[in-house]
Every structure is written in structure tokens, then in C-alpha cells.
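Structure file data.pdb; described as PDB, C-alpha atoms and all ligand atoms.
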```pdb
ATOM      1  CA  MET D   1      14.280  47.591  -1.568
ATOM      2  CA  ILE D   2      15.749  45.051  -3.953
ATOM      3  CA  SER D   3      17.236  43.043  -1.126
ATOM      4  CA  ALA D   4      13.867  43.004   0.634
ATOM      5  CA  LEU D   5      12.308  41.614  -2.510
ATOM      6  CA  GLY D   6      15.032  38.979  -2.545
ATOM      7  CA  VAL D   7      14.175  37.897   0.968
ATOM      8  CA  VAL D   8      10.484  37.628   0.126
ATOM      9  CA  LEU D   9      11.262  35.626  -2.997
ATOM     10  CA  GLY D  10      13.505  33.334  -0.982
ATOM     11  CA  ILE D  11      10.784  32.643   1.539
ATOM     12  CA  VAL D  12       8.263  31.919  -1.214
ATOM     13  CA  LEU D  13      10.651  29.468  -2.887
ATOM     14  CA  TRP D  14      11.395  27.799   0.426
ATOM     15  CA  ILE D  15       7.694  27.279   1.146
ATOM     16  CA  ALA D  16       7.131  25.998  -2.383
ATOM     17  CA  ALA D  17       9.943  23.481  -1.981
ATOM     18  CA  TYR D  18       8.582  22.379   1.369
ATOM     19  CA  VAL D  19       5.061  21.826   0.091
ATOM     20  CA  LYS D  20       6.207  19.987  -3.008
ATOM     21  CA  LEU D  21       7.535  16.930  -1.204
ATOM     22  CA  PRO D  22       9.289  14.253  -3.272
ATOM     23  CA  ASN D  23       7.093  11.389  -4.293
ATOM     24  CA  ASP D  24       8.880   8.809  -2.176
ATOM     25  CA  VAL D  25       8.408  10.891   0.929
ATOM     26  CA  THR D  26       4.669  11.133   0.413
ATOM     27  CA  HIS D  27       4.569   7.412  -0.332
ATOM     28  CA  ARG D  28       6.457   6.639   2.815
ATOM     29  CA  ASN D  29       3.875   8.467   4.874
ATOM     30  CA  LEU D  30       0.826   7.204   3.054
ATOM     31  CA  ALA D  31       0.140   4.383   5.443
ATOM     32  CA  ALA D  32      -0.240   6.817   8.284
ATOM     33  CA  ASN D  33      -1.871   9.581   6.297
ATOM     34  CA  PRO D  34      -4.726  10.070   3.879
ATOM     35  CA  PRO D  35      -4.135   9.390   0.181
ATOM     36  CA  ILE D  36      -2.233  11.607  -2.190
ATOM     37  CA  GLU D  37      -5.095  13.852  -3.185
ATOM     38  CA  SER D  38      -5.597  14.920   0.405
ATOM     39  CA  SER D  39      -2.057  14.416   1.691
ATOM     40  CA  VAL D  40      -0.904  17.462  -0.285
ATOM     41  CA  SER D  41      -3.094  19.768   1.731
ATOM     42  CA  ASN D  42      -2.331  17.670   4.777
ATOM     43  CA  ALA D  43       1.376  18.374   4.378
ATOM     44  CA  THR D  44       0.764  22.079   4.724
ATOM     45  CA  ALA D  45      -1.254  21.370   7.849
ATOM     46  CA  THR D  46       1.700  19.477   9.352
ATOM     47  CA  ALA D  47       0.110  16.104   8.588
ATOM     48  CA  SER D  48      -1.312  15.586  12.033
ATOM     49  CA  ALA D  49      -4.454  13.766  10.960
ATOM     50  CA  GLY D  50      -3.077  10.249  10.948
ATOM     51  CA  SER D  51      -5.135   7.154  10.314
ATOM     52  CA  ASN D  52      -7.454   7.804  13.228
ATOM     53  CA  SER D  53      -8.563  11.141  11.931
ATOM     54  CA  THR D  54     -12.157  12.008  12.605
ATOM     55  CA  THR D  55     -12.541  14.423   9.742
ATOM     56  CA  GLY D  56     -15.832  12.761   8.886
ATOM     57  CA  SER D  57     -14.577  11.451   5.581
ATOM     58  CA  ALA D  58     -15.460   7.808   5.123
ATOM     59  CA  SER D  59     -12.314   7.443   3.060
ATOM     60  CA  THR D  60      -9.890   8.136   5.875
ATOM     61  CA  SER D  61      -9.253   4.682   7.221
ATOM     62  CA  THR D  62      -9.980   2.652   4.120
ATOM     63  CA  THR D  63      -8.081   4.652   1.513
ATOM     64  CA  ALA D  64      -4.947   5.422   3.486
ATOM     65  CA  PHE D  65      -2.897   2.752   1.770
ATOM     66  CA  TYR D  66      -3.777   2.975  -1.913
ATOM     67  CA  SER D  67      -4.043   5.481  -4.696
ATOM     68  CA  PRO D  68      -4.492   5.523  -8.453
ATOM     69  CA  GLY D  69      -1.178   5.228 -10.245
ATOM     70  CA  SER D  70       0.087   8.025 -12.442
ATOM     71  CA  ALA D  71       0.058   5.720 -15.465
ATOM     72  CA  PRO D  72      -3.259   4.411 -16.843
ATOM     73  CA  LYS D  73      -4.519   1.113 -15.435
ATOM     74  CA  THR D  74      -2.107   1.257 -12.515
ATOM     75  CA  LEU D  75      -2.868   0.905  -8.818
ATOM     76  CA  ASN D  76      -0.448   1.958  -6.111
ATOM     77  CA  LEU D  77      -0.616  -0.223  -3.005
ATOM     78  CA  ASN D  78       1.227   1.024   0.038
ATOM     79  CA  LEU D  79       1.386  -2.021   2.266
ATOM     80  CA  GLU D  80       2.908  -2.356   5.702
ATOM     81  CA  GLY D  81       3.518  -5.381   7.833
ATOM     82  CA  ILE D  82       2.318  -4.607  11.332
ATOM     83  CA  SER D  83       0.913  -6.476  14.318
ATOM     84  CA  ASN D  84      -2.189  -5.567  16.268
ATOM     85  CA  ASP D  85      -4.627  -7.346  18.577
ATOM     86  CA  SER D  86      -5.573  -9.777  15.812
ATOM     87  CA  GLY D  87      -1.959 -10.723  15.127
ATOM     88  CA  MET D  88       0.276 -10.051  12.143
ATOM     89  CA  THR D  89      -1.444  -8.013   9.461
ATOM     90  CA  PHE D  90      -1.145  -5.986   6.306
ATOM     91  CA  ASN D  91      -2.180  -2.460   7.250
ATOM     92  CA  GLY D  92      -4.191  -3.810  10.165
ATOM     93  CA  TYR D  93      -6.032  -6.469   8.152
ATOM     94  CA  ASN D  94      -5.454 -10.212   8.129
ATOM     95  CA  LYS D  95      -7.211 -13.501   7.437
ATOM     96  CA  GLY D  96      -8.943 -12.051   4.409
ATOM     97  CA  ALA D  97     -10.402  -8.959   6.130
ATOM     98  CA  LEU D  98      -8.899  -6.907   3.297
ATOM     99  CA  LYS D  99      -9.792  -7.603  -0.325
ATOM    100  CA  VAL D 100      -8.160  -5.723  -3.174
ATOM    101  CA  THR D 101      -9.771  -6.169  -6.587
ATOM    102  CA  VAL D 102      -8.251  -4.939  -9.843
ATOM    103  CA  PRO D 103      -9.523  -5.275 -13.409
ATOM    104  CA  VAL D 104      -7.612  -7.858 -15.409
ATOM    105  CA  GLY D 105      -4.590  -6.385 -17.158
ATOM    106  CA  TRP D 106      -3.957  -3.683 -14.572
ATOM    107  CA  THR D 107      -0.508  -3.153 -13.104
ATOM    108  CA  VAL D 108      -0.044  -3.069  -9.351
ATOM    109  CA  HIS D 109       2.830  -1.066  -7.947
ATOM    110  CA  VAL D 110       3.601  -2.190  -4.402
ATOM    111  CA  HIS D 111       5.481  -0.148  -1.833
ATOM    112  CA  PHE D 112       6.140  -2.319   1.206
ATOM    113  CA  VAL D 113       7.464  -1.339   4.614
ATOM    114  CA  ASP D 114       7.853  -3.198   7.871
ATOM    115  CA  LYS D 115       6.354  -1.436  10.896
ATOM    116  CA  ASP D 116       6.780  -4.315  13.288
ATOM    117  CA  ALA D 117       9.252  -5.794  15.754
ATOM    118  CA  MET D 118       9.659  -8.806  13.464
ATOM    119  CA  PRO D 119      10.402  -9.154   9.753
ATOM    120  CA  HIS D 120       7.641  -9.299   7.137
ATOM    121  CA  SER D 121       7.246  -9.439   3.377
ATOM    122  CA  VAL D 122       4.486  -9.532   0.793
ATOM    123  CA  GLY D 123       3.820 -11.548  -2.311
ATOM    124  CA  PHE D 124       0.820 -12.306  -4.498
ATOM    125  CA  VAL D 125       0.195 -16.029  -4.743
ATOM    126  CA  PRO D 126      -2.523 -18.491  -5.790
ATOM    127  CA  TRP D 127      -5.525 -18.455  -3.461
ATOM    128  CA  ASN D 128      -4.991 -22.022  -2.256
ATOM    129  CA  GLU D 129      -1.558 -21.087  -0.904
ATOM    130  CA  ARG D 130      -2.857 -18.361   1.410
ATOM    131  CA  THR D 131      -2.492 -20.267   4.657
ATOM    132  CA  GLY D 132       0.951 -21.684   4.075
ATOM    133  CA  GLY D 133       3.779 -22.364   1.666
ATOM    134  CA  PRO D 134       5.485 -23.389  -0.414
ATOM    135  CA  PHE D 135       4.506 -20.230  -2.212
ATOM    136  CA  SER D 136       4.571 -19.479  -5.900
ATOM    137  CA  ALA D 137       4.206 -16.196  -7.742
ATOM    138  CA  ALA D 138       0.695 -15.785  -9.109
ATOM    139  CA  PHE D 139       2.027 -13.356 -11.743
ATOM    140  CA  PRO D 140       5.522 -12.701 -13.071
ATOM    141  CA  GLY D 141       7.302 -10.557 -10.476
ATOM    142  CA  SER D 142       4.546 -10.748  -7.867
ATOM    143  CA  LEU D 143       6.838 -11.792  -4.987
ATOM    144  CA  MET D 144       8.996  -9.063  -3.496
ATOM    145  CA  ASP D 145      12.735  -9.424  -3.014
ATOM    146  CA  LYS D 146      13.526 -11.081   0.336
ATOM    147  CA  PHE D 147      10.063 -12.664   0.244
ATOM    148  CA  GLU D 148      11.092 -15.564   2.475
ATOM    149  CA  THR D 149      13.296 -13.686   4.926
ATOM    150  CA  GLY D 150      11.289 -10.472   5.054
ATOM    151  CA  ILE D 151      12.574  -6.996   5.761
ATOM    152  CA  GLN D 152      12.993  -5.313   9.109
ATOM    153  CA  SER D 153      11.574  -1.997  10.206
ATOM    154  CA  SER D 154      15.074  -0.577   9.868
ATOM    155  CA  ASP D 155      15.256  -1.586   6.202
ATOM    156  CA  PRO D 156      14.299   0.716   3.363
ATOM    157  CA  PRO D 157      10.927   0.165   1.664
ATOM    158  CA  VAL D 158      10.746  -2.444  -1.077
ATOM    159  CA  GLU D 159       9.111  -1.495  -4.355
ATOM    160  CA  PHE D 160       7.943  -3.871  -7.035
ATOM    161  CA  SER D 161       5.364  -4.026  -9.783
ATOM    162  CA  PHE D 162       3.488  -6.773 -11.551
ATOM    163  CA  THR D 163       0.673  -6.998 -14.044
ATOM    164  CA  ALA D 164      -2.417  -8.909 -12.985
ATOM    165  CA  ASP D 165      -2.812 -10.657 -16.304
ATOM    166  CA  LYS D 166      -5.127 -13.515 -15.322
ATOM    167  CA  ALA D 167      -8.602 -13.144 -13.834
ATOM    168  CA  GLY D 168      -9.225 -15.114 -10.684
ATOM    169  CA  GLN D 169      -8.998 -15.234  -6.921
ATOM    170  CA  TYR D 170      -5.559 -14.807  -5.368
ATOM    171  CA  ALA D 171      -3.997 -13.914  -2.043
ATOM    172  CA  MET D 172      -1.386 -11.527  -0.725
ATOM    173  CA  VAL D 173       0.702 -13.266   1.889
ATOM    174  CA  CYS D 174       3.733 -12.742   4.056
ATOM    175  CA  GLY D 175       6.433 -15.171   2.956
ATOM    176  CA  VAL D 176       8.228 -15.370   6.294
ATOM    177  CA  PRO D 177       7.744 -18.982   7.462
ATOM    178  CA  GLY D 178       4.692 -19.383   9.678
ATOM    179  CA  HIS D 179       3.256 -15.916   9.166
ATOM    180  CA  ALA D 180       0.646 -16.746   6.520
ATOM    181  CA  THR D 181      -0.376 -19.815   8.496
ATOM    182  CA  ALA D 182      -0.856 -17.561  11.520
ATOM    183  CA  GLY D 183      -3.184 -15.360   9.480
ATOM    184  CA  MET D 184      -0.979 -12.860   7.662
ATOM    185  CA  TRP D 185      -2.862 -13.115   4.382
ATOM    186  CA  ASP D 186      -5.517 -11.092   2.598
ATOM    187  CA  GLU D 187      -7.446 -11.437  -0.630
ATOM    188  CA  PHE D 188      -6.434 -10.177  -4.059
ATOM    189  CA  ASP D 189      -8.919 -10.636  -6.871
ATOM    190  CA  VAL D 190      -8.494  -9.994 -10.565
ATOM    191  CA  SER D 191     -11.803  -9.250 -12.242
ATOM    192  CA  ALA D 192     -12.714  -9.757 -15.876
ATOM    193  CA  THR D 193     -15.633  -7.338 -15.524
ATOM    194  CA  ALA D 194     -14.563  -4.594 -13.080
ATOM    195  CA  LYS D 195     -13.784  -1.208 -14.633
ATOM    196  CA  ALA D 196     -11.794   0.153 -11.678
ATOM    197  CA  PRO D 197     -10.015  -1.256  -8.625
ATOM    198  CA  THR D 198     -11.937  -1.627  -5.397
ATOM    199  CA  ILE D 199     -10.782  -2.002  -1.810
ATOM    200  CA  THR D 200     -12.997  -3.939   0.567
ATOM    201  CA  THR D 201     -12.552  -3.929   4.332
ATOM    202  CA  PRO D 202     -14.991  -4.474   7.202
ATOM    203  CA  SER D 203     -15.781  -0.761   6.776
ATOM    204  CA  GLY D 204     -17.106  -1.318   3.264
ATOM    205  CA  THR D 205     -16.019  -1.175  -0.350
ATOM    206  CA  VAL D 206     -14.375   1.840  -1.937
ATOM    207  CA  THR D 207     -13.733   2.282  -5.652
ATOM    208  CA  VAL D 208     -10.301   3.651  -6.477
ATOM    209  CA  LYS D 209     -10.542   6.567  -8.902
TER     210      LYS D 209
HETATM  211 CU    CU U 301       5.153 -11.601   8.248
END
```

Whole structure given in C-alpha cells:
Amino acid sequence: MISALGVVLGIVLWIAAYVKLPNDVTHRNLAANPPIESSVSNATATASAGSNSTTGSASTSTTAFYSPGSAPKTLNLNLEGISNDSGMTFNGYNKGALKVTVPVGWTVHVHFVDKDAMPHSVGFVPWNERTGGPFSAAFPGSLMDKFETGIQSSDPPVEFSFTADKAGQYAMVCGVPGHATAGMWDEFDVSATAKAPTITTPSGTVTVK
């Protein structure tokens, strides 16, 4: 009887450990899966939804790559360099099709992966640099390591954080020579009036909360 109880307890602990995935694992899958609040339940359902899920939630495609940070006034951005029919993109968006807006003073934590056959990077630069270098950091620490060479799909994700301390219009660009010029840039705005971050894509604008 006691040993049977032990087996049951073992199974329960094993399931609990499986469901409670480490944070970096859930981050790594965010680009392909819904955001954290729904990815927990998704994990138990073997995470088959993907970004083309037709669950009827308007948030599926537009929220897959961001989430509120655990600390106050923090936004997590899970960006990936990937090519599609429109060329080189961040998460499928290029040439300004994606606009991320954060209130001034917020911290952005970026998790960047390469999902392409060529190297990519990301950095946050002045708006007038969006279509070509030389690039400069718009905020202290807003260019990732290996910004100019990029990382490959075989490389581990790059994490970095910066505080958007000046209101204005900025851009997120790939620093690999030629990529921003070819369209691998999107918009990053810092608002003096916004109360929460927003993500704008051709699908619409979603407030992050
Ligand atoms: Cu690139």
C-alpha cells in the first residue's frame, strides 16, 4: 500500500515538474506559441497551436512575441530574425509594419533568436538610421552583442535590456550590413503619455497588460 502511494506521488511530482517549465524554455518557444498567460495551459496540451492557431482569439498572432515583464514597467520582447515573402523581418514584420510603443522610462527586455538561413541581429537606433548605418544606440545598451555580425540559427538566444529613457520615435533594425536597407527595420516609439505598451501590426493595436 505504501509503495503504491509512492508511485502515485512520483507520477504527480513528475507531471508537476513537466508543467512547470523553466522560464527560458517558455521564452524560447514564445515566438511560435501564444504568450505566457496562455502558454502555460498550452504546454499541457502539447503546445500544438502555433502561430497559425485558429482559436478565435484576436491575440494569437499579434501577441505571440511579447509579454509584460515580471518587474513593474518592464516589457518582454521576444524577437526573431526570419525571412518570408516580404524579405527579412522581425517576427514576420518589416519596413515599419510592426510598431512597438512603450511609455517613457520603461525597461525593455529583449530575447533575440535567429530563425533564418542567414545571420541577423537587433538594435534600437534613432529613427533616421532605420534604412541604413552607421548605427548608433538610441539608449544605453540598446544594441545587442554581435550587432554587426549577427547570430546564426545555431547560436543560443541573445538577451539584453535597456531603459527607454527618452520620448520619441525610434527604430529596431538588424545591424548586419545591408539588412536594414533591404527592409529589416520596424518602429519603436517611446511615449510621454502612454500608460502601457502597445503593439501595432497590420492586424491592429493591442495593449500589453
Ligand atoms: Cu538581418

Selection in question (the file shown): the PyMOL selection byres (((not hetatm)) within 12 of (chain U and resi 301)). Which residues does it include, as a PyMOL selection string? chain D and resi 79-83+87-91+94+112-123+132+146-153+172-185

Output of the PyMOL selection byres (((chain D and resi 163) around 8) and not hetatm), listed as number ranges by chain: D: 105-108, 139-140, 161-162, 164-165

Two-atom distance - CA of Val158 in chain D, CA of His109 in chain D (Å): 10.6 Å

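Residue selection for this entry, given the PyMOL selection byres (((chain D and resi 71-76) around 9) and not hetatm), comprises Phe65, Tyr66, Ser67, Pro68, Gly69, Ser70, Leu77, Asn78, Val102, Pro103, Gly105, Trp106, Thr107, Val108, His109, Val110, His111, Thr163, Ala196, Pro197 and Val208 of chain D.
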
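Relative to CA of Glu129 in chain D, CA of Gly168 in chain D is found at 13.8 Å.
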
One decimal, in Å: what's the spacing between CA of Ala194 in chain D and CA of Val104 in chain D? 8.0 Å

N, CA and C atoms restored at range 61-87 of chain D, emitted as an mmCIF file, in the frame of the given file:
```cif
data_model
loop_
_atom_site.group_PDB
_atom_site.id
_atom_site.type_symbol
_atom_site.label_atom_id
_atom_site.label_comp_id
_atom_site.auth_asym_id
_atom_site.auth_seq_id
_atom_site.Cartn_x
_atom_site.Cartn_y
_atom_site.Cartn_z
ATOM 1 N N SER D 61 -9.930 5.891 6.792
ATOM 2 C CA SER D 61 -9.253 4.682 7.221
ATOM 3 C C SER D 61 -9.107 3.662 6.097
ATOM 4 N N THR D 62 -10.018 3.701 5.129
ATOM 5 C CA THR D 62 -9.980 2.652 4.120
ATOM 6 C C THR D 62 -9.174 3.033 2.881
ATOM 7 N N THR D 63 -8.826 4.293 2.707
ATOM 8 C CA THR D 63 -8.081 4.652 1.513
ATOM 9 C C THR D 63 -6.653 5.040 1.834
ATOM 10 N N ALA D 64 -6.251 4.898 3.088
ATOM 11 C CA ALA D 64 -4.947 5.422 3.486
ATOM 12 C C ALA D 64 -3.800 4.705 2.802
ATOM 13 N N PHE D 65 -4.026 3.515 2.267
ATOM 14 C CA PHE D 65 -2.897 2.752 1.770
ATOM 15 C C PHE D 65 -2.933 2.494 0.269
ATOM 16 N N TYR D 66 -3.783 3.172 -0.466
ATOM 17 C CA TYR D 66 -3.777 2.975 -1.913
ATOM 18 C C TYR D 66 -4.086 4.282 -2.619
ATOM 19 N N SER D 67 -3.741 4.313 -3.880
ATOM 20 C CA SER D 67 -4.043 5.481 -4.696
ATOM 21 C C SER D 67 -3.969 5.065 -6.155
ATOM 22 N N PRO D 68 -4.636 5.818 -7.028
ATOM 23 C CA PRO D 68 -4.492 5.523 -8.453
ATOM 24 C C PRO D 68 -3.055 5.796 -8.870
ATOM 25 N N GLY D 69 -2.519 4.974 -9.747
ATOM 26 C CA GLY D 69 -1.178 5.228 -10.245
ATOM 27 C C GLY D 69 -1.171 6.383 -11.220
ATOM 28 N N SER D 70 0.009 6.916 -11.489
ATOM 29 C CA SER D 70 0.087 8.025 -12.442
ATOM 30 C C SER D 70 -0.122 7.530 -13.865
ATOM 31 N N ALA D 71 0.283 6.291 -14.139
ATOM 32 C CA ALA D 71 0.058 5.720 -15.465
ATOM 33 C C ALA D 71 -1.346 5.113 -15.526
ATOM 34 N N PRO D 72 -1.926 5.027 -16.722
ATOM 35 C CA PRO D 72 -3.259 4.411 -16.843
ATOM 36 C C PRO D 72 -3.237 2.960 -16.371
ATOM 37 N N LYS D 73 -4.374 2.508 -15.852
ATOM 38 C CA LYS D 73 -4.519 1.113 -15.435
ATOM 39 C C LYS D 73 -3.426 0.675 -14.461
ATOM 40 N N THR D 74 -3.118 1.555 -13.534
ATOM 41 C CA THR D 74 -2.107 1.257 -12.515
ATOM 42 C C THR D 74 -2.661 1.592 -11.138
ATOM 43 N N LEU D 75 -2.446 0.688 -10.206
ATOM 44 C CA LEU D 75 -2.868 0.905 -8.818
ATOM 45 C C LEU D 75 -1.631 0.906 -7.930
ATOM 46 N N ASN D 76 -1.516 1.936 -7.098
ATOM 47 C CA ASN D 76 -0.448 1.958 -6.111
ATOM 48 C C ASN D 76 -0.972 1.361 -4.810
ATOM 49 N N LEU D 77 -0.265 0.362 -4.300
ATOM 50 C CA LEU D 77 -0.616 -0.223 -3.005
ATOM 51 C C LEU D 77 0.523 0.043 -2.048
ATOM 52 N N ASN D 78 0.214 0.718 -0.966
ATOM 53 C CA ASN D 78 1.227 1.024 0.038
ATOM 54 C C ASN D 78 0.962 0.123 1.239
ATOM 55 N N LEU D 79 1.657 -1.006 1.250
ATOM 56 C CA LEU D 79 1.386 -2.021 2.266
ATOM 57 C C LEU D 79 2.424 -1.975 3.375
ATOM 58 N N GLU D 80 1.971 -2.265 4.589
ATOM 59 C CA GLU D 80 2.908 -2.356 5.702
ATOM 60 C C GLU D 80 2.597 -3.592 6.521
ATOM 61 N N GLY D 81 3.664 -4.258 6.931
ATOM 62 C CA GLY D 81 3.518 -5.381 7.833
ATOM 63 C C GLY D 81 3.510 -4.849 9.251
ATOM 64 N N ILE D 82 2.439 -5.159 9.981
ATOM 65 C CA ILE D 82 2.318 -4.607 11.332
ATOM 66 C C ILE D 82 1.432 -5.534 12.163
ATOM 67 N N SER D 83 1.725 -5.637 13.428
ATOM 68 C CA SER D 83 0.913 -6.476 14.318
ATOM 69 C C SER D 83 -0.062 -5.630 15.118
ATOM 70 N N ASN D 84 -1.238 -6.212 15.362
ATOM 71 C CA ASN D 84 -2.189 -5.567 16.268
ATOM 72 C C ASN D 84 -2.845 -6.667 17.111
ATOM 73 N N ASP D 85 -3.983 -6.369 17.699
ATOM 74 C CA ASP D 85 -4.627 -7.346 18.577
ATOM 75 C C ASP D 85 -5.000 -8.645 17.869
ATOM 76 N N SER D 86 -5.185 -8.564 16.550
ATOM 77 C CA SER D 86 -5.573 -9.777 15.812
ATOM 78 C C SER D 86 -4.357 -10.516 15.261
ATOM 79 N N GLY D 87 -3.172 -10.042 15.577
ATOM 80 C CA GLY D 87 -1.959 -10.723 15.127
ATOM 81 C C GLY D 87 -1.223 -9.943 14.057
#
```
